[in-house]
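Participant: Input file: input10.cif. Contents: mmCIF, C-alpha atoms (C1' of nucleotides).
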data_structure
#
loop_
_atom_site.group_PDB
_atom_site.id
_atom_site.type_symbol
_atom_site.label_atom_id
_atom_site.label_comp_id
_atom_site.auth_asym_id
_atom_site.auth_seq_id
_atom_site.Cartn_x
_atom_site.Cartn_y
_atom_site.Cartn_z
ATOM 1 C CA MET A 1 0.000 0.000 0.000
ATOM 2 C CA ILE A 2 1.376 3.306 -0.959
ATOM 3 C CA MET A 3 0.203 6.389 0.794
ATOM 4 C CA TYR A 4 1.828 9.602 -0.244
ATOM 5 C CA GLY A 5 1.155 11.845 2.665
ATOM 6 C CA GLY A 6 -2.430 10.944 2.243
ATOM 7 C CA GLY A 7 -2.956 10.631 5.916
ATOM 8 C CA ALA A 8 -1.784 12.777 8.723
ATOM 9 C CA GLY A 9 1.245 14.241 7.024
ATOM 10 C CA LYS A 10 0.151 17.818 7.158
ATOM 11 C CA ASP A 11 3.457 19.458 6.522
ATOM 12 C CA GLY A 12 4.091 17.538 3.365
ATOM 13 C CA GLY A 13 4.925 20.591 1.358
ATOM 14 C CA SER A 14 7.651 21.517 3.758
ATOM 15 C CA THR A 15 8.156 25.091 2.756
ATOM 16 C CA ASN A 16 4.523 25.525 2.027
ATOM 17 C CA HIS A 17 3.962 29.208 2.183
ATOM 18 C CA ILE A 18 0.393 29.559 3.164
ATOM 19 C CA SER A 19 -1.763 27.193 5.051
ATOM 20 C CA ASP A 20 -4.170 25.262 2.975
ATOM 21 C CA GLY A 21 -7.803 25.282 3.868
ATOM 22 C CA GLY A 22 -7.521 22.020 5.653
ATOM 23 C CA VAL A 23 -6.701 20.285 2.405
ATOM 24 C CA VAL A 24 -3.986 17.695 2.635
ATOM 25 C CA LEU A 25 -1.624 18.286 -0.236
ATOM 26 C CA LYS A 26 -0.415 15.246 -2.029
ATOM 27 C CA LYS A 27 3.077 14.560 -3.194
ATOM 28 C CA GLY A 28 4.910 11.934 -5.144
ATOM 29 C CA PRO A 29 4.358 10.776 -8.701
ATOM 30 C CA TRP A 30 1.584 12.419 -10.665
ATOM 31 C CA THR A 31 -1.312 10.450 -12.001
ATOM 32 C CA ALA A 32 -2.861 10.849 -15.427
ATOM 33 C CA ALA A 33 -5.984 12.240 -13.794
ATOM 34 C CA GLU A 34 -4.016 14.897 -11.983
ATOM 35 C CA ASP A 35 -2.189 15.761 -15.175
ATOM 36 C CA GLU A 36 -5.457 16.273 -16.969
ATOM 37 C CA ILE A 37 -6.849 18.500 -14.257
ATOM 38 C CA LEU A 38 -3.751 20.643 -14.301
ATOM 39 C CA ALA A 39 -3.491 20.712 -18.085
ATOM 40 C CA ALA A 40 -7.154 21.652 -18.437
ATOM 41 C CA TYR A 41 -6.817 24.421 -15.905
ATOM 42 C CA VAL A 42 -3.798 25.904 -17.622
ATOM 43 C CA ARG A 43 -5.516 25.681 -20.981
ATOM 44 C CA GLU A 44 -8.331 27.776 -19.620
ATOM 45 C CA ASN A 45 -6.435 30.148 -17.390
ATOM 46 C CA GLY A 46 -2.949 30.183 -18.735
ATOM 47 C CA GLU A 47 0.239 29.766 -16.759
ATOM 48 C CA GLY A 48 0.796 31.434 -13.441
ATOM 49 C CA ASN A 49 -1.411 31.590 -10.380
ATOM 50 C CA TRP A 50 -0.252 28.114 -9.551
ATOM 51 C CA ASN A 51 -1.754 28.260 -6.129
ATOM 52 C CA ALA A 52 -5.070 29.028 -7.759
ATOM 53 C CA VAL A 53 -4.983 25.614 -9.353
ATOM 54 C CA GLN A 54 -5.386 23.960 -6.031
ATOM 55 C CA LYS A 55 -7.937 26.509 -4.908
ATOM 56 C CA ASN A 56 -10.074 26.295 -8.011
ATOM 57 C CA THR A 57 -9.770 22.697 -9.031
ATOM 58 C CA GLY A 58 -9.323 21.085 -5.687
ATOM 59 C CA LEU A 59 -6.283 19.344 -7.019
ATOM 60 C CA ALA A 60 -4.359 18.211 -3.973
ATOM 61 C CA ARG A 61 -1.092 19.642 -5.194
ATOM 62 C CA CYS A 62 0.690 22.752 -4.091
ATOM 63 C CA GLY A 63 1.422 25.479 -6.583
ATOM 64 C CA LYS A 64 5.051 24.624 -6.739
ATOM 65 C CA SER A 65 4.316 21.050 -7.615
ATOM 66 C CA CYS A 66 1.877 22.148 -10.310
ATOM 67 C CA ARG A 67 4.355 24.521 -11.864
ATOM 68 C CA LEU A 68 7.047 21.898 -11.942
ATOM 69 C CA ARG A 69 4.760 19.290 -13.452
ATOM 70 C CA TRP A 70 3.554 21.680 -16.080
ATOM 71 C CA ALA A 71 6.997 22.918 -16.972
ATOM 72 C CA ASN A 72 8.595 19.534 -17.194
ATOM 73 C CA HIS A 73 5.896 17.302 -18.590
ATOM 74 C CA LEU A 74 2.613 18.895 -19.555
ATOM 75 C CA ARG A 75 3.760 21.991 -21.333
ATOM 76 C CA PRO A 76 3.099 21.698 -25.066
ATOM 77 C CA ASN A 77 5.932 21.613 -27.563
ATOM 78 C CA LEU A 78 8.093 19.822 -25.101
ATOM 79 C CA LYS A 79 10.767 17.977 -26.961
ATOM 80 C CA LYS A 80 10.953 14.419 -25.841
ATOM 81 C CA GLY A 81 13.732 11.924 -26.169
ATOM 82 C CA SER A 82 17.452 12.178 -25.991
ATOM 83 C CA PHE A 83 19.369 15.309 -26.673
ATOM 84 C CA THR A 84 20.666 15.611 -30.183
ATOM 85 C CA GLY A 85 24.351 16.018 -30.784
ATOM 86 C CA ASP A 86 23.674 19.624 -31.623
ATOM 87 C CA GLU A 87 21.802 20.156 -28.397
ATOM 88 C CA GLU A 88 24.542 18.486 -26.419
ATOM 89 C CA ARG A 89 27.146 20.771 -27.866
ATOM 90 C CA LEU A 90 24.984 23.771 -27.200
ATOM 91 C CA ILE A 91 24.520 22.689 -23.608
ATOM 92 C CA ILE A 92 28.241 22.345 -23.194
ATOM 93 C CA GLN A 93 28.825 25.757 -24.692
ATOM 94 C CA LEU A 94 26.135 27.356 -22.596
ATOM 95 C CA HIS A 95 27.436 25.745 -19.454
ATOM 96 C CA ALA A 96 30.897 26.975 -20.276
ATOM 97 C CA GLN A 97 29.503 30.479 -20.492
ATOM 98 C CA LEU A 98 26.824 30.523 -17.847
ATOM 99 C CA GLY A 99 27.715 27.834 -15.373
ATOM 100 C CA ASN A 100 24.860 26.125 -13.572
ATOM 101 C CA LYS A 101 22.258 28.488 -14.902
ATOM 102 C CA TRP A 102 19.908 25.785 -16.027
ATOM 103 C CA ALA A 103 16.965 28.051 -16.555
ATOM 104 C CA ARG A 104 18.959 30.325 -18.820
ATOM 105 C CA MET A 105 20.283 27.350 -20.690
ATOM 106 C CA ALA A 106 16.812 25.957 -21.112
ATOM 107 C CA ALA A 107 15.767 29.254 -22.616
ATOM 108 C CA GLN A 108 18.229 28.584 -25.411
ATOM 109 C CA LEU A 109 16.960 25.084 -25.981
ATOM 110 C CA PRO A 110 13.373 25.178 -27.211
ATOM 111 C CA GLY A 111 11.366 22.266 -25.928
ATOM 112 C CA ARG A 112 13.861 21.422 -23.247
ATOM 113 C CA THR A 113 13.513 22.062 -19.560
ATOM 114 C CA ASP A 114 15.994 23.188 -16.984
ATOM 115 C CA ASN A 115 15.457 19.943 -15.140
ATOM 116 C CA GLU A 116 16.317 17.876 -18.177
ATOM 117 C CA ILE A 117 19.420 19.865 -18.863
ATOM 118 C CA LYS A 118 20.427 19.729 -15.242
ATOM 119 C CA ASN A 119 19.960 15.982 -15.099
ATOM 120 C CA TYR A 120 21.851 15.553 -18.314
ATOM 121 C CA TRP A 121 24.733 17.665 -17.164
ATOM 122 C CA ASN A 122 24.993 16.069 -13.748
ATOM 123 C CA THR A 123 25.059 12.612 -15.255
ATOM 124 C CA ARG A 124 27.586 13.617 -17.854
ATOM 125 C CA LEU A 125 29.679 15.349 -15.250
ATOM 126 C CA LYS A 126 29.861 12.235 -13.143
ATOM 127 C CA ARG A 127 30.682 10.099 -16.113
ATOM 128 C CA LEU A 128 33.442 12.352 -17.333
ATOM 129 C CA GLN A 129 34.919 12.652 -13.880
ATOM 130 C CA ARG A 130 34.880 8.893 -13.510
ATOM 131 C CA GLN A 131 36.648 8.518 -16.787
ATOM 132 C CA GLY A 132 39.052 11.292 -15.971
ATOM 133 C CA LEU A 133 37.979 13.250 -18.981
ATOM 134 C CA PRO A 134 37.684 17.031 -19.194
ATOM 135 C CA LEU A 135 34.284 18.607 -18.703
ATOM 136 C CA TYR A 136 34.648 20.653 -21.796
ATOM 137 C CA PRO A 137 36.114 19.749 -25.159
ATOM 138 C CA PRO A 138 39.362 21.512 -26.032
ATOM 139 C CA ASP A 139 37.594 23.930 -28.330
ATOM 140 C CA ILE A 140 35.384 25.249 -25.585
ATOM 141 C CA ILE A 141 36.726 27.592 -22.962
ATOM 142 C CA PRO A 142 34.539 28.147 -19.934
ATOM 143 C CA ASN A 143 34.004 31.758 -18.992
ATOM 144 C CA HIS A 144 32.074 31.286 -15.819
ATOM 145 C CA GLN A 145 34.965 29.894 -13.832
ATOM 146 C CA LEU A 146 37.537 32.441 -14.800
ATOM 147 C CA PRO A 147 39.351 34.039 -11.881
ATOM 148 C CA SER A 148 38.318 37.488 -10.808
ATOM 149 C CA THR A 149 40.368 39.101 -13.506
ATOM 150 C CA SER A 150 37.588 41.262 -14.762
ATOM 151 C CA THR A 151 34.897 41.959 -12.244
ATOM 152 C CA THR A 152 32.750 43.960 -14.559
ATOM 153 C CA SER A 153 31.443 40.903 -16.214
ATOM 154 C CA SER A 154 28.578 40.933 -18.566
ATOM 155 C CA THR A 155 25.185 40.471 -17.086
ATOM 156 C CA THR A 156 23.461 41.295 -20.282
ATOM 157 C CA THR A 157 22.594 38.119 -22.014
ATOM 158 C CA THR A 158 22.253 39.345 -25.518
ATOM 159 C CA THR A 159 19.986 36.712 -26.801
ATOM 160 C CA THR A 160 20.535 36.850 -30.477
ATOM 161 C CA THR A 161 18.054 34.656 -32.214
ATOM 162 C "C1'" DA B 1 21.398 -17.190 -12.969
ATOM 163 C "C1'" DA B 2 22.335 -13.938 -9.325
ATOM 164 C "C1'" DT B 3 24.442 -9.815 -7.693
ATOM 165 C "C1'" DT B 4 26.250 -5.279 -8.099
ATOM 166 C "C1'" DA B 5 27.091 -0.939 -10.330
ATOM 167 C "C1'" DA B 6 25.825 2.690 -13.154
ATOM 168 C "C1'" DC B 7 22.420 5.527 -15.481
ATOM 169 C "C1'" DC B 8 18.370 8.080 -16.197
ATOM 170 C "C1'" DC B 9 14.185 10.246 -14.966
ATOM 171 C "C1'" DA B 10 11.035 12.425 -11.929
ATOM 172 C "C1'" DA B 11 9.971 14.955 -8.017
ATOM 173 C "C1'" DC B 12 10.789 17.403 -3.586
ATOM 174 C "C1'" DC B 13 13.112 20.638 -0.611
ATOM 175 C "C1'" DG B 14 14.921 24.877 0.838
ATOM 176 C "C1'" DC B 15 16.452 29.419 -0.423
ATOM 177 C "C1'" DC B 16 16.182 33.746 -2.810
ATOM 178 C "C1'" DG B 17 14.200 37.604 -5.058
ATOM 179 C "C1'" DA B 18 10.255 40.143 -6.703
ATOM 180 C "C1'" DC B 19 5.820 41.827 -5.982
ATOM 181 C "C1'" DC B 20 1.760 43.309 -3.527
ATOM 182 C "C1'" DC B 21 -0.728 44.790 0.488
ATOM 183 C "C1'" DC C 1 8.606 50.849 5.583
ATOM 184 C "C1'" DG C 2 7.568 46.308 6.960
ATOM 185 C "C1'" DG C 3 5.398 41.906 6.426
ATOM 186 C "C1'" DG C 4 3.695 38.276 3.847
ATOM 187 C "C1'" DT C 5 2.963 35.498 -0.321
ATOM 188 C "C1'" DC C 6 4.121 33.714 -4.742
ATOM 189 C "C1'" DG C 7 7.003 32.225 -8.281
ATOM 190 C "C1'" DG C 8 11.207 30.488 -9.773
ATOM 191 C "C1'" DC C 9 15.911 28.333 -9.462
ATOM 192 C "C1'" DG C 10 19.293 25.194 -8.304
ATOM 193 C "C1'" DG C 11 20.618 21.295 -5.586
ATOM 194 C "C1'" DT C 12 19.685 16.861 -3.984
ATOM 195 C "C1'" DT C 13 17.359 12.519 -3.313
ATOM 196 C "C1'" DG C 14 14.742 8.261 -4.441
ATOM 197 C "C1'" DG C 15 13.113 4.714 -7.458
ATOM 198 C "C1'" DG C 16 13.239 2.022 -11.396
ATOM 199 C "C1'" DT C 17 15.690 0.039 -15.262
ATOM 200 C "C1'" DT C 18 19.524 -1.822 -17.825
ATOM 201 C "C1'" DA C 19 24.065 -3.588 -18.431
ATOM 202 C "C1'" DA C 20 28.131 -5.831 -16.954
ATOM 203 C "C1'" DT C 21 30.598 -9.086 -14.056
#
Using structure tokens, write down the structure that the file contains.

Facilitator:
Amino acid sequence: MIMYGGGAGKDGGSTNHISDGGVVLKKGPWTAAEDEILAAYVRENGEGNWNAVQKNTGLARCGKSCRLRWANHLRPNLKKGSFTGDEERLIIQLHAQLGNKWARMAAQLPGRTDNEIKNYWNTRLKRLQRQGLPLYPPDIIPNHQLPSTSTTSSTTTTTTT
DNA sequence: AATTAACCCAACCGCCGACCC
DNA sequence: CGGGTCGGCGGTTGGGTTAAT
């Protein structure tokens, strides 16, 4: 029997901001039914107001959980499957420039999420370290880990394209 | 055929910053 | 000006699956 906080676990959401109206928020894997409720709500109301999802649909999920689910799995145009060689190279380049700025990196990879990129990178990082290989290919020079030679770094991410 | 290690994916947690009241 | 809430980000953990020994 699996019971995801479906009992007395009131504090499930840990850093839950506000108190729910006595509703016990659920956690753990999402079900297809929950996905549909969330997807339908977003279709009607758009993204944002994630806490409103729980308030208006009665879905026993906190706003944070809804946002994450939507962003990583329900959002349309999500690219599924493995990263292409082109995407991999782009990720490496972006990481060399931005560091662990997964959200920014995801913005450069249409259909990909920060979580996916983060998972990919972490796995690759471990693998490369195990094999004693460099994180970046020789033709890529990371900018984010340069010593404090020039403090006035660029914060403006000129997103061309 | 069984056991162990590694890999990948999904989700949660806590923290931070922005925004609104 | 201060307090509170929400949204978002990055880090970390857990579970399941697959491959190798």

Participant: Enumerate as a tab-separated table (two decimals) with C-alpha atoms, in the frame of the given file the residues belonging to chain A that approach chain B to within 12 Å, with only C-alpha atoms (C1' of nucleotides) taken into account.

Facilitator:
chain	number	residue	atom	x	y	z
A	12	GLY	CA	4.09	17.54	3.36
A	13	GLY	CA	4.92	20.59	1.36
A	14	SER	CA	7.65	21.52	3.76
A	15	THR	CA	8.16	25.09	2.76
A	16	ASN	CA	4.52	25.52	2.03
A	17	HIS	CA	3.96	29.21	2.18
A	26	LYS	CA	-0.42	15.25	-2.03
A	27	LYS	CA	3.08	14.56	-3.19
A	28	GLY	CA	4.91	11.93	-5.14
A	29	PRO	CA	4.36	10.78	-8.70
A	30	TRP	CA	1.58	12.42	-10.66
A	62	CYS	CA	0.69	22.75	-4.09
A	64	LYS	CA	5.05	24.62	-6.74
A	65	SER	CA	4.32	21.05	-7.62
A	66	CYS	CA	1.88	22.15	-10.31
A	67	ARG	CA	4.36	24.52	-11.86
A	68	LEU	CA	7.05	21.90	-11.94
A	69	ARG	CA	4.76	19.29	-13.45
A	72	ASN	CA	8.60	19.53	-17.19
A	73	HIS	CA	5.90	17.30	-18.59
A	81	GLY	CA	13.73	11.92	-26.17
A	82	SER	CA	17.45	12.18	-25.99
A	115	ASN	CA	15.46	19.94	-15.14
A	116	GLU	CA	16.32	17.88	-18.18
A	117	ILE	CA	19.42	19.86	-18.86
A	118	LYS	CA	20.43	19.73	-15.24
A	119	ASN	CA	19.96	15.98	-15.10
A	120	TYR	CA	21.85	15.55	-18.31
A	121	TRP	CA	24.73	17.66	-17.16
A	122	ASN	CA	24.99	16.07	-13.75
A	123	THR	CA	25.06	12.61	-15.26
A	124	ARG	CA	27.59	13.62	-17.85
A	126	LYS	CA	29.86	12.24	-13.14
A	127	ARG	CA	30.68	10.10	-16.11
A	130	ARG	CA	34.88	8.89	-13.51

Participant: Which residues, named as in the file, does the PyMOL selection byres ((chain C) within 12 of (chain A)) pick out? Answer as a ChimeraX atom specification.

Facilitator: /C:4-12,14-15

Participant: Rounded to one decimal in Å, what is the spacing between atom CA of A:Gly111 and atom CA of A:Pro138?

Facilitator: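 Distance reported for this atom pair: 28.0 Å.
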
Participant: What is the atom CA of A:Thr113-atom CA of A:Leu78 distance in Å, reported with one decimal?

Facilitator: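 Interatomic distance here is 8.1 Å.
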
Participant: Figure out the distance between atom CA of A:Lys79 and atom CA of A:Ala39, please, to one decimal in Å.

Facilitator: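 Computing it gives 17.0 Å between the two atoms.
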
Participant: Which centre and edge lengths in Å to one decimal define the box along x, y and z that fits every listed atom of stretch 1-19 of chain C plus 8 Å per side, as JSON?

Facilitator:
{"center_x": 13.5, "center_y": 23.6, "center_z": -5.7, "size_x": 37.1, "size_y": 70.4, "size_z": 41.4}

Participant: Find the residues around A:Ala96 up to 8 Å (only C-alpha atoms (C1' of nucleotides) counted), leave out those fewer than 5 positions away in its own chain, and share them as a list in words.

Facilitator: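 In the requested format, the answer is Tyr136, Ile140, Ile141, Pro142, Asn143 and His144 of chain A.
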
Participant: I need the residue nearest A:Gln54 from this list: A:Glu88, A:Leu25, A:Leu125, A:Ala33. Use all atoms listed in the file for the distance.

Facilitator: A:Leu25

Participant: Missing atoms in stretch 101-127 of chain A: can you complete it with N, CA and C atoms, as a CSV table (one decimal), in the coordinates of the input?

Facilitator:
chain,number,residue,atom,x,y,z
A,101,LYS,N,23.5,27.7,-14.7
A,101,LYS,CA,22.3,28.5,-14.9
A,101,LYS,C,21.3,27.7,-15.8
A,102,TRP,N,20.7,26.7,-15.2
A,102,TRP,CA,19.9,25.8,-16.0
A,102,TRP,C,18.7,26.5,-16.7
A,103,ALA,N,18.1,27.4,-16.0
A,103,ALA,CA,17.0,28.1,-16.6
A,103,ALA,C,17.4,28.9,-17.8
A,104,ARG,N,18.5,29.5,-17.7
A,104,ARG,CA,19.0,30.3,-18.8
A,104,ARG,C,19.3,29.4,-20.0
A,105,MET,N,19.9,28.3,-19.6
A,105,MET,CA,20.3,27.4,-20.7
A,105,MET,C,19.0,26.8,-21.4
A,106,ALA,N,18.1,26.5,-20.6
A,106,ALA,CA,16.8,26.0,-21.1
A,106,ALA,C,16.2,27.0,-22.1
A,107,ALA,N,16.4,28.2,-21.8
A,107,ALA,CA,15.8,29.3,-22.6
A,107,ALA,C,16.4,29.2,-24.0
A,108,GLN,N,17.6,28.7,-24.1
A,108,GLN,CA,18.2,28.6,-25.4
A,108,GLN,C,18.0,27.3,-26.1
A,109,LEU,N,17.3,26.4,-25.4
A,109,LEU,CA,17.0,25.1,-26.0
A,109,LEU,C,15.5,24.9,-26.0
A,110,PRO,N,14.8,25.3,-27.1
A,110,PRO,CA,13.4,25.2,-27.2
A,110,PRO,C,12.9,23.7,-27.0
A,111,GLY,N,11.9,23.6,-26.2
A,111,GLY,CA,11.4,22.3,-25.9
A,111,GLY,C,12.1,21.5,-24.8
A,112,ARG,N,13.1,22.1,-24.3
A,112,ARG,CA,13.9,21.4,-23.2
A,112,ARG,C,13.7,22.2,-21.9
A,113,THR,N,13.7,21.4,-20.9
A,113,THR,CA,13.5,22.1,-19.6
A,113,THR,C,14.8,22.1,-18.8
A,114,ASP,N,14.8,23.0,-17.8
A,114,ASP,CA,16.0,23.2,-17.0
A,114,ASP,C,16.3,21.9,-16.3
A,115,ASN,N,15.3,21.2,-15.9
A,115,ASN,CA,15.5,19.9,-15.1
A,115,ASN,C,16.2,18.9,-16.0
A,116,GLU,N,15.7,18.8,-17.3
A,116,GLU,CA,16.3,17.9,-18.2
A,116,GLU,C,17.8,18.2,-18.4
A,117,ILE,N,18.0,19.4,-18.6
A,117,ILE,CA,19.4,19.9,-18.9
A,117,ILE,C,20.3,19.6,-17.6
A,118,LYS,N,19.7,19.9,-16.5
A,118,LYS,CA,20.4,19.7,-15.2
A,118,LYS,C,20.7,18.3,-15.0
A,119,ASN,N,19.8,17.4,-15.2
A,119,ASN,CA,20.0,16.0,-15.1
A,119,ASN,C,21.0,15.5,-16.1
A,120,TYR,N,20.9,15.9,-17.3
A,120,TYR,CA,21.9,15.6,-18.3
A,120,TYR,C,23.3,15.9,-17.9
A,121,TRP,N,23.4,17.2,-17.5
A,121,TRP,CA,24.7,17.7,-17.2
A,121,TRP,C,25.3,16.9,-16.0
A,122,ASN,N,24.5,16.7,-15.0
A,122,ASN,CA,25.0,16.1,-13.7
A,122,ASN,C,25.5,14.7,-14.1
A,123,THR,N,24.7,14.0,-14.9
A,123,THR,CA,25.1,12.6,-15.3
A,123,THR,C,26.4,12.6,-16.1
A,124,ARG,N,26.4,13.5,-17.0
A,124,ARG,CA,27.6,13.6,-17.9
A,124,ARG,C,28.8,14.0,-17.0
A,125,LEU,N,28.6,14.9,-16.1
A,125,LEU,CA,29.7,15.3,-15.2
A,125,LEU,C,30.3,14.2,-14.5
A,126,LYS,N,29.4,13.4,-13.9
A,126,LYS,CA,29.9,12.2,-13.1
A,126,LYS,C,30.6,11.3,-14.0
A,127,ARG,N,30.1,11.1,-15.2
A,127,ARG,CA,30.7,10.1,-16.1
A,127,ARG,C,32.1,10.6,-16.5
